[in-house]
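*Asks:* My structure is below; once you've seen it, I'll send some questions.
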There are 4 protein chains.
Amino acid sequence: MIVVMSPAATQVDVERVLAEVRSRGLEAHVSKGEKHTVIGVVGNTADIDPDDLGALPGVDRVVRVMKPYRLAHREARPEGTRVTLNGGTVTVGGAEVVLAAGPCAVEDERSLLETARAVRQAGAVMLRGGAFKPRTSPYSFQGLGQEGLEILQRAREETGLAIVTEVMAPEQVPLVAAYADVLQIGTRNMYNYPLLRAVGRSGRPVLLKRGMMATIEEWLLAAEYILAEGNPHVILCERGIRTFEGLTRNTLDLSAVPLVKSLSHLPVWVDPSHGTGRADLVIPMARAAVAAGADGLLVEVHGSPGTARSDGAQSLTPDQFRRLVEECRVVAEALGRSLAGPQLELACREASA
Amino acid sequence: MIVVMSPAATQVDVERVLAEVRSRGLEAHVSKGEKHTVIGVVGNTADIDPDDLGALPGVDRVVRVMKPYRLAHREARPEGTRVTLNGGTVTVGGAEVVLAAGPCAVEDERSLLETARAVRQAGAVMLRGGAFKPRTSPYSFQGLGQEGLEILQRAREETGLAIVTEVMAPEQVPLVAAYADVLQIGTRNMYNYPLLRAVGRSGRPVLLKRGMMATIEEWLLAAEYILAEGNPHVILCERGIRTFEGLTRNTLDLSAVPLVKSLSHLPVWVDPSHGTGRADLVIPMARAAVAAGADGLLVEVHGSPGTARSDGAQSLTPDQFRRLVEECRVVAEALGRSLAGPQLELACREASA
Amino acid sequence: MIVVMSPAATQVDVERVLAEVRSRGLEAHVSKGEKHTVIGVVGNTADIDPDDLGALPGVDRVVRVMKPYRLAHREARPEGTRVTLNGGTVTVGGAEVVLAAGPCAVEDERSLLETARAVRQAGAVMLRGGAFKPRTSPYSFQGLGQEGLEILQRAREETGLAIVTEVMAPEQVPLVAAYADVLQIGTRNMYNYPLLRAVGRSGRPVLLKRGMMATIEEWLLAAEYILAEGNPHVILCERGIRTFEGLTRNTLDLSAVPLVKSLSHLPVWVDPSHGTGRADLVIPMARAAVAAGADGLLVEVHGSPGTARSDGAQSLTPDQFRRLVEECRVVAEALGRSLAGPQLELACREASA
Amino acid sequence: MIVVMSPAATQVDVERVLAEVRSRGLEAHVSKGEKHTVIGVVGNTADIDPDDLGALPGVDRVVRVMKPYRLAHREARPEGTRVTLNGGTVTVGGAEVVLAAGPCAVEDERSLLETARAVRQAGAVMLRGGAFKPRTSPYSFQGLGQEGLEILQRAREETGLAIVTEVMAPEQVPLVAAYADVLQIGTRNMYNYPLLRAVGRSGRPVLLKRGMMATIEEWLLAAEYILAEGNPHVILCERGIRTFEGLTRNTLDLSAVPLVKSLSHLPVWVDPSHGTGRADLVIPMARAAVAAGADGLLVEVHGSPGTARSDGAQSLTPDQFRRLVEECRVVAEALGRSLAGPQLELACREASA
């Protein structure tokens with residue numbers, strides 16, 4: 001950590017900073033420039049809030065040198081985190097790219113099962129679908145709640161797909177964890193620290209979406225909240241950030257994929273559906289996500305997007321999803337990866353028969 | 001609501017939209033342009049999610065005409081909402097501008113009481129201070145919890161200042177409501193709908209901060225969640241939005257003040273401390289907020305900002321706060337308003353004596 | 001300037017940075033932390049591009065300590081810059097707040113003269129109006145060109161108002177300078193360095209609008225381009241930045257006013273018309289700008305906004321502008337400033353008669 | 001175009017809008033809703049500025065239905081635009097992905113020629129390099145000017161690579177056009193309409209970078225300025241937009257690639273170097289750009305990035321560029337495209353030999 005004093009800072013101001021630094025058991029090195037005195041702080045500075053020093057008189061700026069997250073840092077697990085799902089048959093964070101697909105919200109059993117079968121057949125190994133839905137308007141459909149979770153469970157029983165579904169409040173965690181394989185933290189809750197702690201304590205794999213307004217450092221610190229509760233099973237998911245561009249719902253920040261993979265050992269997924277908000281952009285952005293190195297995709301698929309009760313405009317039909325899978329497969333294979341799932345093995349076996 | 005069909009839309013596509021609209025009990029008027037057919041939807045469209053129609057085949061775009069919030073809409077209470085505090089002696093949303101001040105976090109009893117006395121003497125009628133603190137890093141100070149609430153209560157007993165303090169999770173609401181006069185929803189929780197419902201059910205006045213990347217419409221819909229639970233005592237607080245500018249912590253959007261006051265009947269406050277993140281900008285932006293029409297200010301004041309355990313860089317000293325009060329007072333009075341509080345009345349009585 | 005080496009940097013990497021720094025005649029101080037070696041660079045580093053050092057092997061980050069602008073820096077003229085206009089009767093950057101008003105574009109002589117008389121009577125001392133208009137669409141009205149300049153000149157002759165009008169290309173500078181008192185650089189041209197140099201060489205006062213997505217540092221560096229040509233008569237103008245909010249055309253960043261005034265000696269104006277894009281927000285934001293410390297305002301006024309050929313939605317009527325002037329006057333006077341212009345003196349004389 | 005009247009609009013307000021619409025030779029259809037009257041405008045509305053109608057009394061909002069660009073619109077050339085370079089051997093906008101590479105700025109003949117040979121051998125068919133450099137600071141290296149152009153010409157003579165280089169002002173166009181195969185409009189000049197007209201009149205192929213703050217619609221309207229001068233040879237280039245994220249220089253908006261290709265017939269390139277500002281992200285984002293459907297890439301390559309005089313931190317070494325080419329090649333081929341250039345043919349011939 002580096003403390004830059006302002007040109008007007010007095011010797012007393014400098015001494016005060018030095019005293020504050022030393023009172024925390026850290027060392028300080030002073031270096032005087034033409035206008036600015038600069039104080040280098042040496043030791044474990046990860047827990048110091050730069051604003052604490054920044055508020056002392058005469059301080060112009062405080063620059064962090066070390067990353068403020070430790071457990072999420074690449075160095076904490078240089079080999080990379082792998083999260084195992086579907087009874088051990090699917091691994092997130094390895095060589096395989098994992099596809100999760102399904103409707104935005106669970107609407108009824110019949111349509112969910114149809115969609116589940118369709119996405120499984122196309123190559124998905126996980127089923128997404130919201131039972132608890134955070135909606136901007138209190139008058140929009142808010143999800144079926146526990147009934148939705150039960151429908152998801154039946155879909156898993158029939159198809160073998162692992163279930164990823166959102167949890168919105170700490171007190172919902174035990175209920176959702178009783179049904180879901182992966183607990184999803186939605187973009188609106190990335191800063192909901194009581195909820196992050198609660199899913200951390202659950203020990204269950206967590207899909208942590210990036211806040212639509214969150215910096216990458218804040219996102220990794222949100223993961224740190226979960227890891228700090230002793231839960232190592234965290235998957236990050238880029239889903240678009242808010243910018244001035246109005247033709248897309250969000251701006252999908254694919255550079256977050258290689259950047260986070262260099263900063264952290266956690267797997268990174270991409271949600272091209274929320275990331276664009278337009279069905280016609282989902283397939284090209286899914287291909288691009290795989291090419292950028294994503295470990296998985298979260299895709300909205302609906303049997304009949306035009307009558308979906310939420311987010312229909314960005315949902316793919318099952319046919320479009322099949323095309324997405326094929327195009328992502330060729331990109332993944334060109335880059336030495338493969339798609340997770342039995343379909344590929346079957347196809348290979350047939351091809352070699 | 002207006003549905004714009006794409007140039008390639010077929011007659012079947014148009015019929016499907018008309019059927020969908022009519023199935024919801026609404027009327028539809030078709031108007032054919034050179035390239036685009038446009039369908040006007042008439043009736044109570046507030047509860048329709050534009051995406052529902054937007055996903056139908058052949059639809060290019062859906063444009064909302066009516067505002068999606070009803071209870072927060074200006075028309076619902078043309079005379080404006082007034083929230084009464086301090087045993088009826090302070091009214092938010094009337095002619096008086098209300099000042100709330102205090103430290104970012106409650107740190108210990110002695111320093112809180114000192115700050116409380118100082119801000120009261122300067123002209124504040126409310127005391128702010130966090131007992132539960134949402135912090136970006138799990139390793140930062142997270143607040144004193146219930147002990148902090150008890151310290152706030154003692155400050156109220158001694159000074160008569162009303163207490164505004166943050167609540168972070170639905171299950172904390174009863175505890176915080178037992179101590180606080182106003183429940184604060186922080187910027188990170190503006191989209192936390194279970195929490196909004198919980199403070200709505202509490203019936204207690206709520207200070208709802210704007211999410212740091214929330215549109216004004218989303219902010220008013222967040223207020224709608226509280227109002228829809230039957231709690232009319234909502235105060236909105238602009239606190240800066242996230243932009244590309246790095247010299248300030250946020251960009252304080254003061255245009256939100258007159259804009260929200262025209263769209264809604266709810267009082268609007270401004271937080272120039274978080275809105276800028278720099279003590280040297282707080283006073284000019286406080287003056288500007290009053291000039292823009294703000295009904296109140298939320299200001300960070302700390303007896304010794306350099307040793308504050310959070311957000312020290314943006315806290316004012318008690319002396320600086322006194323200057324803020326005087327400068328805001330002259331602006332308010334120039335525009336026909338006054339600052340809330342007994343200080344002014346006393347001063348007037350003394351002056352006329 | 002501080003060079004932070006990455007944890008993996010070798011001694012050879014450090015030596016290479018030291019050699020590079022010393023080759024530029026600067027001193028370097030090395031300080032070794034637990035993980036990071038940090039190199040402090042001492043000397044005149046203003047002309048070094050941090051990226052030059054940032055690209056050397058083993059460098060994690062380069063942090064600038066000194067500001068990259070010198071001539072625009074507050075220290076270069078601690079007493080503040082004053083720009084004199086209207087034959088010496090109006091000073092920008094002093095105690096008086098200067099009002100410039102007029103239509104977005106000059107449309108015809110009759111309507112311009114009417115608007116000029118109206119804004120003069122209301123209290124403006126400068127007339128704005130575009131003869132060359134940068135328009136997003138090639139099919140929109142692009143201004144009357146030289147004919148527009150001639151109309152502006154006649155308005156000056158009749159009313160005594162100083163003229164501020166936009167120049168869009170280096171080769172237009174001599175023409176526009178032959179008619180205008182102040183050359184305006186529009187938001188789209190803040191990064192147009194050949195144009196900045198050209199208006200710098202003209203020696204004529206320049207109103208430099210902030211780019212709609214420019215950082216404050218980039219804006220001050222744009223001013224530096226003009227100052228570096230030997231032209232000290234630069235007025236900065238905040239006009240809103242682009243954010244995600246859609247209800248306003250831009251987000252007016254009023255915190256730029258006090259911030260720039262602390263960083264630089266240049267006067268700062270505000271354009272509440274483009275800054276909001278909505279006539280109903282112009283007056284409150286004008287008041288707020290004056291309260292924040294603005295040295296002047298640039299306001300769109302049109303005799304008949306509904307038929308304006310550009311930007312009608314944000315133009316005030318002459319009556320609304322009169323109200324703006326009165327409200328800004330009381331705010332300015334409450335804060336110890338006054339509005340520039342003979343009107344006030346006349347009014348005072350009459351009042352005391 | 002749809003005009004939404006406010007609930008308070010009078011019959012006189014509606015009549016005024018109708019008169020205005022009809023005075024422009026357009027038809028209007030009135031439809032009355034519960035609160036809002038809506039007026040549909042039918043006819044050629046592309047040239048109408050929505051603000052013209054938006055400023056009429058009683059108008060709440062104006063919604064454009066037709067796109068405001070005609071020549072850049074997909075419909076104007078459904079088969080797609082192809083731009084031919086390198087004496088007809090390279091086509092931009094066809095099945096081949098075109099690679100342009102080279103240093104940010106031309107620094108001296110020896111190093112440019114070395115880089116040119118290296119990128120040619122690796123697979124580039126075009127050479128980039130700035131002779132006129134727009135730099136944020138007036139004290140940064142501004143390019144070699146005409147000397148730089150001459151060095152570029154010698155590189156073309158030796159290597160056969162086509163030259164793409166930036167032009168910054170209308171009066172520079174003839175000079176730069178005398179040397180360059182493609183005139184580059186940089187991000188800071190996307191709104192520089194006199195410059196756009198000048199390159200339009202030159203008839204020379206133009207690479208039009210997206211403004212760092214520009215919406216996609218504004219970008220297509222900038223292309224419209226060039227096309228409207230009769231120059232059809234326009235290539236668009238996404239290069240990142242400005243957001244709140246600080247770890248990357250810009251946020252590369254890859255969704256712009258498929259989106260622009262559906263809206264327009266113009267070829268779309270991607271600049272992953274400026275788009276990220278970090279050498280370690282360039283290769284994954286180049287792969288992603290190709291996967292998203294980009295027609296070409298503009299990549300910064302420098303023989304010795306650590307000593308580059310501008311943008312060193314984001315430049316690749318020739319070795320890294322070779323890896324980029326190989327990885328992009330496999331992605332392109334997996335998706336049924338190929339890389340432009342003789343290398344591939346040679347490789348194929350060798351392989352089949």
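Here's how to read the names in the structure tokens: chain A, B, ... by the order shown, residue numbers from 1 in each chain, ligand numbers from 1 in the order shown.
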With chain B as the partner and 6 Å as the cut-off, tabulate the residues of chain C that qualify, each row holding the nearest pair of atoms and their distance in Å to one decimal, using only C-alpha atoms, sorted by chain and rising number, as a tab-separated table.
*Replies:*
```
residue	atom	partner	partner_atom	distance
C:Thr215	CA	B:Glu245	CA	5.4
C:Glu245	CA	B:Thr215	CA	5.4
C:Pro284	CA	B:Ala292	CA	4.8
C:Met285	CA	B:Ala292	CA	5.9
C:Arg287	CA	B:Ala291	CA	5.5
C:Ala288	CA	B:Ala288	CA	4.1
C:Ala291	CA	B:Ala288	CA	4.8
C:Ala292	CA	B:Pro284	CA	4.8
C:Val330	CA	B:Ala334	CA	5.8
C:Val331	CA	B:Val331	CA	5.9
C:Ala334	CA	B:Val330	CA	5.8
```
*Asks:* For the structure I just gave you, how does DSSP split stretch 215-261 of chain B - specifically, which residues are strand (DSSP E)? Reply as a ChimeraX atom specification.
*Replies:* /B:234-238
*Asks:* Which residues, written as a count of residues only, have at least one atom at most 9 Å from B:Met66, with only C-alpha atoms counted and residues fewer than 5 positions away on the same chain left out?
*Replies:* 6
*Asks:* For stretch 90-102 of chain B, please output as a list in words all residues within 6 Å (counting only C-alpha atoms; exclusion window: fewer than 4 positions along the same chain).
*Replies:* Arg82, Val83, Thr84, Leu85, Asn86, Ala124, Val125, Met126, Leu127, Arg128, Gly129, Pro267, Asp295, Gly296, Leu297, Leu298, Val299, Glu300, Val301, Arg337, Ser338, Leu339 and Ala340 of chain B
*Asks:* With a distance cut-off of 10 Å and only C-alpha atoms, select the neighbouring residues of B:Ala177, excluding the residue or stretch itself and same-chain residues fewer than 2 positions from it, and output the selection as a ChimeraX atom specification.
*Replies:* /B:149,165,167,172-175,179-183,199,202-205
*Asks:* Could you write out that same residue set with C-alpha atoms as a PDB file, in the first residue's frame?
*Replies:*
```pdb
ATOM      1  CA  LEU B 149     -28.247   0.129  17.996  1.00  0.00           C
ATOM      2  CA  THR B 165     -29.791   3.431  10.493  1.00  0.00           C
ATOM      3  CA  VAL B 167     -31.080  -2.696   7.870  1.00  0.00           C
ATOM      4  CA  GLN B 172     -32.997  -7.954  10.998  1.00  0.00           C
ATOM      5  CA  VAL B 173     -36.028  -5.731  10.480  1.00  0.00           C
ATOM      6  CA  PRO B 174     -37.747  -6.321  13.855  1.00  0.00           C
ATOM      7  CA  LEU B 175     -34.495  -5.742  15.738  1.00  0.00           C
ATOM      8  CA  TYR B 179     -34.374   1.088  17.948  1.00  0.00           C
ATOM      9  CA  ALA B 180     -34.554   3.211  14.787  1.00  0.00           C
ATOM     10  CA  ASP B 181     -36.972   5.965  13.804  1.00  0.00           C
ATOM     11  CA  VAL B 182     -36.178   5.498  10.126  1.00  0.00           C
ATOM     12  CA  LEU B 183     -35.030   2.256   8.487  1.00  0.00           C
ATOM     13  CA  VAL B 199     -39.575  -2.924   5.731  1.00  0.00           C
ATOM     14  CA  SER B 202     -42.910  -2.941   9.388  1.00  0.00           C
ATOM     15  CA  GLY B 203     -44.869   0.271   8.819  1.00  0.00           C
ATOM     16  CA  ARG B 204     -41.850   2.263   9.945  1.00  0.00           C
ATOM     17  CA  PRO B 205     -40.541   5.240   7.880  1.00  0.00           C
TER      18      PRO B 205
END
```
*Asks:* May I ask for the distance between atom CA of A:Ile235 and atom CA of A:Val270, given in Å to one decimal place?
*Replies:*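 Separation between atom CA of A:Ile235 and atom CA of A:Val270: 10.4 Å.
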*Asks:* Neighbours of A:Val21 within 12 Å (only C-alpha atoms; same-chain residues fewer than 2 positions away dropped), as a PyMOL selection string?
*Replies:* (chain A and resi 1-3+14-19+23-30+39-45+48+50+52-54+56) or (chain B and resi 307)
*Asks:* Take the residues just selected and output them with N, CA and C atoms as a PDB file, in the first residue's frame.
*Replies:*
```
ATOM      1  N   MET A   1       0.855  -1.193   0.000  1.00  0.00           N
ATOM      2  CA  MET A   1       0.000   0.000   0.000  1.00  0.00           C
ATOM      3  C   MET A   1       0.885   1.234   0.000  1.00  0.00           C
ATOM      4  N   ILE A   2       0.527   2.192  -0.836  1.00  0.00           N
ATOM      5  CA  ILE A   2       1.350   3.383  -0.984  1.00  0.00           C
ATOM      6  C   ILE A   2       0.503   4.594  -0.617  1.00  0.00           C
ATOM      7  N   VAL A   3       1.037   5.427   0.254  1.00  0.00           N
ATOM      8  CA  VAL A   3       0.329   6.637   0.657  1.00  0.00           C
ATOM      9  C   VAL A   3       1.033   7.823   0.008  1.00  0.00           C
ATOM     10  N   VAL A  14       2.939  13.808   7.971  1.00  0.00           N
ATOM     11  CA  VAL A  14       3.670  12.589   7.626  1.00  0.00           C
ATOM     12  C   VAL A  14       3.852  11.719   8.862  1.00  0.00           C
ATOM     13  N   GLU A  15       4.213  12.345   9.969  1.00  0.00           N
ATOM     14  CA  GLU A  15       4.427  11.584  11.200  1.00  0.00           C
ATOM     15  C   GLU A  15       3.134  10.868  11.631  1.00  0.00           C
ATOM     16  N   ARG A  16       2.020  11.565  11.452  1.00  0.00           N
ATOM     17  CA  ARG A  16       0.741  10.971  11.860  1.00  0.00           C
ATOM     18  C   ARG A  16       0.446   9.703  11.049  1.00  0.00           C
ATOM     19  N   VAL A  17       0.735   9.766   9.747  1.00  0.00           N
ATOM     20  CA  VAL A  17       0.524   8.577   8.920  1.00  0.00           C
ATOM     21  C   VAL A  17       1.448   7.454   9.379  1.00  0.00           C
ATOM     22  N   LEU A  18       2.716   7.805   9.624  1.00  0.00           N
ATOM     23  CA  LEU A  18       3.670   6.775  10.046  1.00  0.00           C
ATOM     24  C   LEU A  18       3.205   6.122  11.349  1.00  0.00           C
ATOM     25  N   ALA A  19       2.727   6.942  12.291  1.00  0.00           N
ATOM     26  CA  ALA A  19       2.268   6.401  13.566  1.00  0.00           C
ATOM     27  C   ALA A  19       1.092   5.454  13.351  1.00  0.00           C
ATOM     28  N   SER A  23       1.088   1.553  14.169  1.00  0.00           N
ATOM     29  CA  SER A  23       0.179   1.060  15.205  1.00  0.00           C
ATOM     30  C   SER A  23      -0.541  -0.205  14.744  1.00  0.00           C
ATOM     31  N   ARG A  24      -0.530  -0.451  13.440  1.00  0.00           N
ATOM     32  CA  ARG A  24      -1.164  -1.661  12.912  1.00  0.00           C
ATOM     33  C   ARG A  24      -0.151  -2.764  12.663  1.00  0.00           C
ATOM     34  N   GLY A  25       1.045  -2.575  13.182  1.00  0.00           N
ATOM     35  CA  GLY A  25       2.048  -3.628  13.059  1.00  0.00           C
ATOM     36  C   GLY A  25       2.697  -3.711  11.693  1.00  0.00           C
ATOM     37  N   LEU A  26       2.612  -2.622  10.931  1.00  0.00           N
ATOM     38  CA  LEU A  26       3.191  -2.622   9.587  1.00  0.00           C
ATOM     39  C   LEU A  26       4.399  -1.700   9.548  1.00  0.00           C
ATOM     40  N   GLU A  27       5.242  -1.914   8.546  1.00  0.00           N
ATOM     41  CA  GLU A  27       6.410  -1.050   8.362  1.00  0.00           C
ATOM     42  C   GLU A  27       6.106   0.050   7.356  1.00  0.00           C
ATOM     43  N   ALA A  28       6.817   1.154   7.476  1.00  0.00           N
ATOM     44  CA  ALA A  28       6.604   2.259   6.537  1.00  0.00           C
ATOM     45  C   ALA A  28       7.956   2.782   6.048  1.00  0.00           C
ATOM     46  N   HIS A  29       8.050   3.007   4.742  1.00  0.00           N
ATOM     47  CA  HIS A  29       9.257   3.584   4.136  1.00  0.00           C
ATOM     48  C   HIS A  29       8.904   4.936   3.539  1.00  0.00           C
ATOM     49  N   VAL A  30       9.648   5.957   3.926  1.00  0.00           N
ATOM     50  CA  VAL A  30       9.345   7.294   3.421  1.00  0.00           C
ATOM     51  C   VAL A  30      10.259   7.631   2.255  1.00  0.00           C
ATOM     52  N   ILE A  39       4.787   7.376   0.991  1.00  0.00           N
ATOM     53  CA  ILE A  39       5.054   6.429   2.072  1.00  0.00           C
ATOM     54  C   ILE A  39       4.657   5.036   1.600  1.00  0.00           C
ATOM     55  N   GLY A  40       5.633   4.139   1.560  1.00  0.00           N
ATOM     56  CA  GLY A  40       5.347   2.756   1.210  1.00  0.00           C
ATOM     57  C   GLY A  40       5.033   1.973   2.477  1.00  0.00           C
ATOM     58  N   VAL A  41       3.913   1.248   2.462  1.00  0.00           N
ATOM     59  CA  VAL A  41       3.513   0.468   3.633  1.00  0.00           C
ATOM     60  C   VAL A  41       3.771  -1.004   3.342  1.00  0.00           C
ATOM     61  N   VAL A  42       4.540  -1.656   4.201  1.00  0.00           N
ATOM     62  CA  VAL A  42       4.946  -3.041   3.948  1.00  0.00           C
ATOM     63  C   VAL A  42       4.384  -3.937   5.047  1.00  0.00           C
ATOM     64  N   GLY A  43       3.866  -5.083   4.648  1.00  0.00           N
ATOM     65  CA  GLY A  43       3.301  -6.043   5.603  1.00  0.00           C
ATOM     66  C   GLY A  43       1.964  -6.517   5.063  1.00  0.00           C
ATOM     67  N   ASN A  44       1.153  -7.163   5.888  1.00  0.00           N
ATOM     68  CA  ASN A  44      -0.131  -7.677   5.420  1.00  0.00           C
ATOM     69  C   ASN A  44      -1.168  -6.559   5.406  1.00  0.00           C
ATOM     70  N   THR A  45      -1.280  -5.930   4.254  1.00  0.00           N
ATOM     71  CA  THR A  45      -2.162  -4.768   4.146  1.00  0.00           C
ATOM     72  C   THR A  45      -3.535  -5.130   3.593  1.00  0.00           C
ATOM     73  N   ILE A  48      -6.599  -3.704   5.386  1.00  0.00           N
ATOM     74  CA  ILE A  48      -6.719  -2.267   5.625  1.00  0.00           C
ATOM     75  C   ILE A  48      -7.581  -1.641   4.539  1.00  0.00           C
ATOM     76  N   PRO A  50      -8.235   1.311   2.332  1.00  0.00           N
ATOM     77  CA  PRO A  50      -7.419   2.474   1.934  1.00  0.00           C
ATOM     78  C   PRO A  50      -8.014   3.788   2.439  1.00  0.00           C
ATOM     79  N   ASP A  52      -9.178   4.444   5.252  1.00  0.00           N
ATOM     80  CA  ASP A  52      -8.775   4.749   6.625  1.00  0.00           C
ATOM     81  C   ASP A  52      -7.563   5.679   6.617  1.00  0.00           C
ATOM     82  N   LEU A  53      -6.594   5.351   5.777  1.00  0.00           N
ATOM     83  CA  LEU A  53      -5.413   6.209   5.704  1.00  0.00           C
ATOM     84  C   LEU A  53      -5.722   7.456   4.878  1.00  0.00           C
ATOM     85  N   GLY A  54      -6.571   7.291   3.887  1.00  0.00           N
ATOM     86  CA  GLY A  54      -6.871   8.407   2.984  1.00  0.00           C
ATOM     87  C   GLY A  54      -7.514   9.591   3.685  1.00  0.00           C
ATOM     88  N   LEU A  56      -6.643  10.734   6.650  1.00  0.00           N
ATOM     89  CA  LEU A  56      -5.727  11.467   7.537  1.00  0.00           C
ATOM     90  C   LEU A  56      -5.340  12.790   6.877  1.00  0.00           C
TER      91      LEU A  56
ATOM     92  N   THR B 307      -9.456   9.002  11.889  1.00  0.00           N
ATOM     93  CA  THR B 307      -9.388   7.708  12.555  1.00  0.00           C
ATOM     94  C   THR B 307     -10.697   6.936  12.439  1.00  0.00           C
TER      95      THR B 307
END
```
*Asks:* As an exercise, work out the distance from atom CA of B:Asn231 to atom CA of A:Glu171 in Å and give it to one decimal place.
*Replies:*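 A separation of 22.8 Å between them.
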*Asks:* Output as a PyMOL selection string all residues of stretch 25-234 of chain B that backbone DSSP marks as helix (DSSP H, G or I).
*Replies:* chain B and resi 50-54+74-76+86-88+109-122+146-159+170-177+187-189+193-202+216-227
*Asks:* One decimal, in Å: what's the spacing between atom CA of A:Pro170 and atom CA of B:Pro138?
*Replies:*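 According to the coordinates, atom CA of A:Pro170 and atom CA of B:Pro138 are separated by 16.7 Å.
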